[in-house]
$ cat upload_37.pdb   # PDB, C-alpha atoms
ATOM      1  CA  MET G  77      43.004 -65.074  85.360
ATOM      2  CA  ALA G  78      46.275 -65.339  83.487
ATOM      3  CA  GLN G  79      46.273 -67.157  80.185
ATOM      4  CA  HIS G  80      48.501 -70.208  79.905
ATOM      5  CA  ASN G  81      51.089 -69.946  77.171
ATOM      6  CA  PRO G  82      51.878 -73.462  76.055
ATOM      7  CA  GLY G  83      55.231 -72.252  74.735
ATOM      8  CA  PRO G  84      56.938 -73.600  71.647
ATOM      9  CA  GLN G  85      55.775 -76.918  70.346
ATOM     10  CA  TYR G  86      58.137 -79.561  69.127
ATOM     11  CA  GLN G  87      57.663 -81.919  66.196
ATOM     12  CA  GLN G  88      58.526 -85.461  66.661
ATOM     13  CA  TRP G  89      60.962 -86.761  63.991
ATOM     14  CA  GLY G  90      61.139 -90.248  65.211
ATOM     15  CA  PRO G  91      63.102 -92.077  67.819
ATOM     16  CA  GLY G  92      66.554 -90.799  68.502
ATOM     17  CA  ARG G  93      66.053 -87.581  66.443
ATOM     18  CA  PRO G  94      66.195 -84.250  68.089
ATOM     19  CA  GLN G  95      62.981 -82.400  68.314
ATOM     20  CA  GLN G  96      62.661 -79.222  66.142
ATOM     21  CA  PRO G  97      60.593 -76.373  67.382
ATOM     22  CA  VAL G  98      57.391 -75.662  65.344
ATOM     23  CA  PRO G  99      56.616 -71.922  64.793
ATOM     24  CA  PRO G 100      53.289 -70.809  66.143
ATOM     25  CA  ALA G 101      50.432 -70.266  63.594
ATOM     26  CA  PRO G 102      49.887 -66.577  62.602
ATOM     27  CA  PRO G 103      46.879 -65.003  64.225
ATOM     28  CA  LYS G 104      43.729 -64.730  62.020
ATOM     29  CA  LYS G 105      42.692 -61.252  60.830
ATOM     30  CA  SER G 106      39.460 -60.149  62.341
ATOM     31  CA  GLY G 107      36.378 -59.220  60.184
ATOM     32  CA  ALA G 108      36.392 -55.689  61.615
ATOM     33  CA  GLY G 109      39.475 -54.780  59.574
ATOM     34  CA  LYS G 110      37.778 -55.827  56.341
ATOM     35  CA  ILE G 111      34.725 -53.724  57.135
ATOM     36  CA  ILE G 112      36.888 -50.664  57.839
ATOM     37  CA  GLY G 113      38.765 -51.191  54.542
ATOM     38  CA  PHE G 114      35.574 -51.412  52.507
ATOM     39  CA  GLY G 115      34.244 -48.335  54.296
ATOM     40  CA  CYS G 116      37.289 -46.261  53.336
ATOM     41  CA  LEU G 117      36.972 -47.337  49.699
ATOM     42  CA  GLY G 118      33.286 -46.261  49.675
ATOM     43  CA  VAL G 119      34.141 -42.817  51.036
ATOM     44  CA  VAL G 120      36.858 -42.352  48.416
ATOM     45  CA  ALA G 121      34.503 -43.471  45.630
ATOM     46  CA  PHE G 122      31.813 -41.039  46.866
ATOM     47  CA  PHE G 123      34.189 -38.095  46.714
ATOM     48  CA  VAL G 124      35.347 -39.173  43.240
ATOM     49  CA  VAL G 125      31.712 -39.174  41.989
ATOM     50  CA  ILE G 126      31.078 -35.750  43.572
ATOM     51  CA  GLY G 127      34.197 -34.410  41.847
ATOM     52  CA  VAL G 128      33.062 -35.726  38.415
ATOM     53  CA  ILE G 129      29.593 -34.151  38.820
ATOM     54  CA  GLY G 130      31.102 -30.842  39.915
ATOM     55  CA  ALA G 131      33.462 -30.810  36.923
ATOM     56  CA  ALA G 132      30.553 -31.447  34.533
ATOM     57  CA  LEU G 133      28.478 -28.637  36.043
ATOM     58  CA  GLY G 134      31.442 -26.294  35.954
ATOM     59  CA  ALA G 135      31.987 -27.008  32.252
ATOM     60  CA  GLY G 136      28.326 -26.186  31.484
ATOM     61  CA  GLY G 137      28.530 -22.968  33.450
ATOM     62  CA  ASP G 138      31.685 -21.919  31.571
ATOM     63  CA  GLU G 139      29.887 -22.342  28.227
ATOM     64  CA  ASN G 140      27.009 -20.145  29.362
ATOM     65  CA  ALA G 141      29.438 -17.632  30.841
ATOM     66  CA  GLY G 142      31.232 -17.299  27.512
ATOM     67  CA  LYS G 143      28.066 -16.241  25.689
ATOM     68  CA  PRO G 144      27.175 -12.522  25.793
ATOM     69  CA  PRO G 145      23.792 -11.785  27.348
ATOM     70  CA  ALA G 146      21.036 -11.285  24.796
ATOM     71  CA  SER G 147      20.230  -7.631  24.498
ATOM     72  CA  SER G 148      16.641  -6.610  24.046
ATOM     73  CA  ALA G 149      15.795  -3.607  21.903
ATOM     74  CA  PRO G 150      14.398  -0.725  23.943
ATOM     75  CA  LYS G 151      10.700  -0.293  23.623
ATOM     76  CA  GLU G 152       9.365   3.010  22.507
ATOM     77  CA  PRO G 153       6.077   4.336  23.835
ATOM     78  CA  GLY G 154       3.285   2.384  22.232
ATOM     79  CA  GLY G 155       4.995  -1.011  22.633
ATOM     80  CA  GLU G 156       6.933  -1.016  19.332
ATOM     81  CA  GLU G 157      10.499  -2.292  19.476
ATOM     82  CA  GLY G 158      13.393  -0.996  17.454
ATOM     83  CA  LYS G 159      11.546   2.122  16.394
ATOM     84  CA  GLY G 160      13.757   5.178  16.331
ATOM     85  CA  LYS G 161      12.933   8.206  18.336
ATOM     86  CA  GLY G 162      11.086  10.861  16.516
ATOM     87  CA  GLU G 163       9.668   8.438  13.952
ATOM     88  CA  GLU G 164       5.934   8.534  13.626
ATOM     89  CA  LYS G 165       3.634   6.010  12.071
ATOM     90  CA  PRO G 166       2.667   7.245   8.624
ATOM     91  CA  ARG G 167      -0.786   8.665   8.609
ATOM     92  CA  GLU G 168      -3.331   6.931   6.465
ATOM     93  CA  GLU G 169      -4.691   9.179   3.820
ATOM     94  CA  PRO G 170      -8.468   9.377   3.895
ATOM     95  CA  GLU G 171     -10.088   7.676   0.985
ATOM     96  CA  GLU G 172     -11.538  10.037  -1.561
ATOM     97  CA  GLU G 173     -15.264   9.851  -1.829
ATOM     98  CA  ALA G 174     -16.624   8.800  -5.164
ATOM     99  CA  PRO G 175     -18.255  11.722  -6.966
ATOM    100  CA  ALA G 176     -22.030  11.847  -7.149
ATOM    101  CA  PRO G 177     -23.452  10.327 -10.339
ATOM    102  CA  ILE G 178     -25.013  13.691 -11.256
ATOM    103  CA  ARG G 179     -23.728  16.975  -9.884
ATOM    104  CA  ILE G 180     -25.278  20.396 -10.407
ATOM    105  CA  THR G 181     -24.236  23.881  -9.361
ATOM    106  CA  ALA G 182     -26.357  27.023  -9.356
ATOM    107  CA  GLU G 183     -25.646  30.734  -9.017
ATOM    108  CA  THR G 184     -27.574  33.947  -9.451
ATOM    109  CA  THR G 185     -27.322  35.797 -12.753
ATOM    110  CA  ASP G 186     -28.991  38.649 -14.608
ATOM    111  CA  PHE G 187     -32.081  38.085 -16.695
ATOM    112  CA  ARG G 188     -31.659  38.477 -20.466
ATOM    113  CA  PRO G 189     -35.155  38.469 -21.969
ATOM    114  CA  THR G 190     -36.165  37.153 -25.343
ATOM    115  CA  ILE G 191     -38.860  38.728 -27.549
ATOM    116  CA  LEU G 192     -41.356  36.263 -26.074
ATOM    117  CA  THR G 193     -41.424  37.785 -22.561
ATOM    118  CA  ASN G 194     -43.419  40.904 -23.510
ATOM    119  CA  GLY G 195     -41.599  43.012 -20.897
ATOM    120  CA  GLU G 196     -42.690  40.911 -17.901
ATOM    121  CA  GLU G 197     -40.375  40.432 -14.884
ATOM    122  CA  HIS G 198     -38.477  37.136 -14.617
ATOM    123  CA  THR G 199     -35.692  35.659 -12.491
ATOM    124  CA  SER G 200     -32.901  33.589 -14.022
ATOM    125  CA  VAL G 201     -30.432  31.151 -12.358
ATOM    126  CA  LEU G 202     -27.269  29.911 -14.093
ATOM    127  CA  VAL G 203     -26.915  26.128 -13.633
ATOM    128  CA  THR G 204     -24.317  23.520 -14.650
ATOM    129  CA  VAL G 205     -25.074  19.783 -14.889
ATOM    130  CA  VAL G 206     -22.192  17.239 -14.798
ATOM    131  CA  ASN G 207     -22.663  13.536 -15.550
ATOM    132  CA  ASN G 208     -20.266  11.368 -13.489
ATOM    133  CA  SER G 209     -22.153   8.114 -14.038
ATOM    134  CA  ALA G 210     -21.763   5.479 -16.719
ATOM    135  CA  GLU G 211     -25.366   6.006 -17.756
ATOM    136  CA  LYS G 212     -26.477   8.814 -20.060
ATOM    137  CA  VAL G 213     -28.293  11.767 -18.500
ATOM    138  CA  ASP G 214     -31.078  13.650 -20.277
ATOM    139  CA  VAL G 215     -31.135  17.398 -19.649
ATOM    140  CA  ASN G 216     -34.196  19.529 -20.399
ATOM    141  CA  PRO G 217     -35.326  22.952 -19.033
ATOM    142  CA  LEU G 218     -38.590  21.321 -17.966
ATOM    143  CA  TYR G 219     -36.659  18.969 -15.634
ATOM    144  CA  PHE G 220     -35.812  21.924 -13.312
ATOM    145  CA  ASP G 221     -37.735  23.851 -10.677
ATOM    146  CA  VAL G 222     -36.705  26.764  -8.446
ATOM    147  CA  THR G 223     -37.502  27.245  -4.754
ATOM    148  CA  ALA G 224     -37.557  30.800  -3.356
ATOM    149  CA  ALA G 225     -36.235  31.884   0.041
ATOM    150  CA  ASP G 226     -39.814  31.985   1.401
ATOM    151  CA  GLY G 227     -40.327  28.305   0.413
ATOM    152  CA  SER G 228     -42.397  28.981  -2.707
ATOM    153  CA  LYS G 229     -41.711  26.649  -5.632
ATOM    154  CA  TYR G 230     -41.719  27.842  -9.265
ATOM    155  CA  ASP G 231     -41.777  26.045 -12.594
ATOM    156  CA  VAL G 232     -39.453  27.073 -15.372
ATOM    157  CA  GLU G 233     -40.686  29.440 -18.129
ATOM    158  CA  LEU G 234     -39.532  28.232 -21.538
ATOM    159  CA  ALA G 235     -37.754  30.575 -23.979
ATOM    160  CA  ALA G 236     -37.794  33.470 -21.486
ATOM    161  CA  ASP G 237     -33.982  33.905 -21.235
ATOM    162  CA  GLU G 238     -31.754  33.881 -24.316
ATOM    163  CA  ARG G 239     -29.165  31.703 -22.479
ATOM    164  CA  GLN G 240     -31.637  28.955 -21.611
ATOM    165  CA  ILE G 241     -29.995  25.571 -20.901
ATOM    166  CA  ASP G 242     -30.062  23.237 -23.892
ATOM    167  CA  THR G 243     -31.983  20.015 -24.246
ATOM    168  CA  VAL G 244     -29.132  17.508 -24.518
ATOM    169  CA  GLU G 245     -28.058  13.983 -23.622
ATOM    170  CA  LEU G 246     -24.876  13.858 -21.535
ATOM    171  CA  ALA G 247     -22.495  10.924 -21.704
ATOM    172  CA  LYS G 248     -20.110  10.090 -18.874
ATOM    173  CA  GLY G 249     -17.854  13.034 -18.023
ATOM    174  CA  GLU G 250     -19.827  15.563 -20.074
ATOM    175  CA  LYS G 251     -21.504  18.718 -18.751
ATOM    176  CA  VAL G 252     -23.767  21.527 -19.882
ATOM    177  CA  THR G 253     -24.338  25.075 -18.610
ATOM    178  CA  GLY G 254     -27.306  27.408 -19.145
ATOM    179  CA  THR G 255     -30.055  29.353 -17.407
ATOM    180  CA  VAL G 256     -33.374  28.280 -15.947
ATOM    181  CA  THR G 257     -35.907  31.117 -15.625
ATOM    182  CA  VAL G 258     -39.071  31.555 -13.602
ATOM    183  CA  LYS G 259     -41.769  34.208 -13.897
ATOM    184  CA  GLY G 260     -41.678  37.046 -11.366
ATOM    185  CA  LYS G 261     -39.025  38.757  -9.281
ATOM    186  CA  ILE G 262     -37.973  36.317  -6.518
ATOM    187  CA  GLU G 263     -34.988  35.499  -4.316
ATOM    188  CA  PRO G 264     -33.936  31.995  -5.502
ATOM    189  CA  LYS G 265     -32.665  29.641  -2.793
ATOM    190  CA  THR G 266     -32.341  26.197  -4.402
ATOM    191  CA  VAL G 267     -32.587  24.588  -7.821
ATOM    192  CA  THR G 268     -33.721  20.963  -8.233
ATOM    193  CA  PHE G 269     -32.931  18.813 -11.264
ATOM    194  CA  THR G 270     -34.745  15.534 -11.992
ATOM    195  CA  ASN G 271     -33.051  13.002 -14.245
ATOM    196  CA  GLY G 272     -35.940  12.439 -16.588
ATOM    197  CA  LEU G 273     -39.540  12.793 -15.575
ATOM    198  CA  PHE G 274     -39.350   9.980 -13.002
ATOM    199  CA  GLY G 275     -35.614   9.719 -12.255
ATOM    200  CA  ASP G 276     -33.557  10.706  -9.209
ATOM    201  CA  SER G 277     -33.555  14.343  -8.144
ATOM    202  CA  VAL G 278     -30.470  16.407  -7.379
ATOM    203  CA  ARG G 279     -30.649  19.737  -5.580
ATOM    204  CA  ALA G 280     -28.147  22.556  -5.349
ATOM    205  CA  ASP G 281     -28.086  25.755  -3.326
ATOM    206  CA  VAL G 282     -28.035  28.973  -5.299
ATOM    207  CA  GLY G 283     -24.770  30.781  -4.660
TER     208      GLY G 283
END

$ encode --input "upload_37.pdb" --output "structure tokens"
Amino acid sequence: MAQHNPGPQYQQWGPGRPQQPVPPAPPKKSGAGKIIGFGCLGVVAFFVVIGVIGAALGAGGDENAGKPPASSAPKEPGGEEGKGKGEEKPREEPEEEAPAPIRITAETTDFRPTILTNGEEHTSVLVTVVNNSAEKVDVNPLYFDVTAADGSKYDVELAADERQIDTVELAKGEKVTGTVTVKGKIEPKTVTFTNGLFGDSVRADVG
């Protein structure tokens, strides 16, 4: 059905005045155009935000790219870093053992009789006593005994050998050397010294 166009309208100016044509009213803009306009602005704003975020991330990446990568020192076998090849860990020196408070040594020697032996056979051993303790040590020929190779034990004969060990008192660091002599011809194996009649005993092999 065809629409009726009313044509130009005329305004009445009063009796006897010519009628002037009135221009038609402009058509109203539809709401669809506004929606499309707002939609375009939203898309543009979205791309602007994406561009700002991308620029910020790119700036952070450039800073990290400008820094040289951290180098780690090569590890040598054993898990130690920075240790040159061929270098060995210094060896710990073993701690020296503290010397024994009393030390004696014994060795075979010839028998040199005194006039008191009456020509009887005797066996002499040359001994040395060293005091390494802070306490004084009493030395006396009677504080020794000799054990033979067959296990027999012999007491010392006094005044039998002219080099008999002296009766002395040893301070720290002092020593004394002399012979201990037993009656008979034996093969001496060990010599035992007792620090006093009831003190500690120290034994030495006869060399």

$ atom_distance --input "upload_37.pdb" --atom1 "CA of Val205 in chain G" --atom2 "CA of Asp276 in chain G"
13.7 Å

$ closest_residue --input "upload_37.pdb" --among "G:Ser228, G:Gly260, G:Asp214, G:Lys265" --to "Ile241 in chain G" --atoms "all atoms listed in the file"
G:Asp214

$ atom_distance --input "upload_37.pdb" --atom1 "CA of Thr223 in chain G" --atom2 "CA of Val203 in chain G"
13.9 Å

$ atom_distance --input "upload_37.pdb" --atom1 "CA of Lys248 in chain G" --atom2 "CA of Gly283 in chain G"
25.5 Å

$ closest_residue --input "upload_37.pdb" --among "G:Asp237, G:Ala224, G:Val244, G:Glu169" --to "Thr185 in chain G" --atoms "all atoms listed in the file"
G:Asp237

$ closest_residue --input "upload_37.pdb" --among "G:Glu263, G:Asp226, G:Asp221, G:Asp281" --to "Ile180 in chain G" --atoms "all atoms listed in the file"
G:Asp281

$ resolve_selection --input "upload_37.pdb" --expression "the PyMOL selection byres ((chain G and resi 272) around 10)" --output "VMD selection string"
chain G and resid 213 to 216 218 to 219 269 to 271 273 to 277

$ closest_residue --input "upload_37.pdb" --among "G:Val201, G:Val258, G:Ile126, G:Ala174" --to "Asp186 in chain G" --atoms "all atoms listed in the file"
G:Val201

$ resolve_selection --input "upload_37.pdb" --expression "the PyMOL selection byres ((chain G and resi 247) around 9)" --output "list of chain:residue names"
G:Asn207, G:Asn208, G:Ser209, G:Ala210, G:Glu211, G:Lys212, G:Val213, G:Glu245, G:Leu246, G:Lys248, G:Gly249, G:Glu250, G:Lys251

$ closest_residue --input "upload_37.pdb" --among "G:Arg179, G:Lys259, G:Arg239, G:Arg167" --to "Val278 in chain G" --atoms "all atoms listed in the file"
G:Arg179

$ build_atoms --input "upload_37.pdb" --residues "range 173-189 of chain G" --atoms "N, CA and C atoms" --output "compact mmCIF listing (two decimals), keeping the file's coordinate frame"
# COMPACT_ATOMS: atom_id res chain seq x y z
N GLU G 173 -13.90 10.28 -1.57
CA GLU G 173 -15.26 9.85 -1.83
C GLU G 173 -15.54 9.87 -3.33
N ALA G 174 -16.25 8.87 -3.75
CA ALA G 174 -16.62 8.80 -5.16
C ALA G 174 -17.57 9.96 -5.49
N PRO G 175 -17.36 10.61 -6.62
CA PRO G 175 -18.26 11.72 -6.97
C PRO G 175 -19.68 11.26 -7.18
N ALA G 176 -20.62 12.16 -6.94
CA ALA G 176 -22.03 11.85 -7.15
C ALA G 176 -22.27 11.56 -8.63
N PRO G 177 -23.19 10.65 -8.92
CA PRO G 177 -23.45 10.33 -10.34
C PRO G 177 -23.82 11.55 -11.16
N ILE G 178 -24.64 12.44 -10.57
CA ILE G 178 -25.01 13.69 -11.26
C ILE G 178 -24.75 14.84 -10.29
N ARG G 179 -24.03 15.82 -10.73
CA ARG G 179 -23.73 16.98 -9.88
C ARG G 179 -24.19 18.25 -10.59
N ILE G 180 -24.86 19.11 -9.83
CA ILE G 180 -25.28 20.40 -10.41
C ILE G 180 -24.82 21.52 -9.49
N THR G 181 -24.55 22.65 -10.09
CA THR G 181 -24.24 23.88 -9.36
C THR G 181 -25.17 24.98 -9.85
N ALA G 182 -25.42 25.93 -8.99
CA ALA G 182 -26.36 27.02 -9.36
C ALA G 182 -25.87 28.33 -8.76
N GLU G 183 -26.02 29.40 -9.50
CA GLU G 183 -25.65 30.73 -9.02
C GLU G 183 -26.56 31.78 -9.66
N THR G 184 -26.70 32.87 -8.94
CA THR G 184 -27.57 33.95 -9.45
C THR G 184 -26.94 34.60 -10.67
N THR G 185 -27.78 35.11 -11.54
CA THR G 185 -27.32 35.80 -12.75
C THR G 185 -28.38 36.81 -13.18
N ASP G 186 -28.02 37.66 -14.12
CA ASP G 186 -28.99 38.65 -14.61
C ASP G 186 -29.96 38.00 -15.61
N PHE G 187 -31.06 38.59 -15.78
CA PHE G 187 -32.08 38.08 -16.70
C PHE G 187 -31.91 38.77 -18.05
N ARG G 188 -31.80 37.96 -19.11
CA ARG G 188 -31.66 38.48 -20.47
C ARG G 188 -32.88 38.01 -21.27
N PRO G 189 -33.86 38.89 -21.38
CA PRO G 189 -35.16 38.47 -21.97
C PRO G 189 -35.07 38.24 -23.47
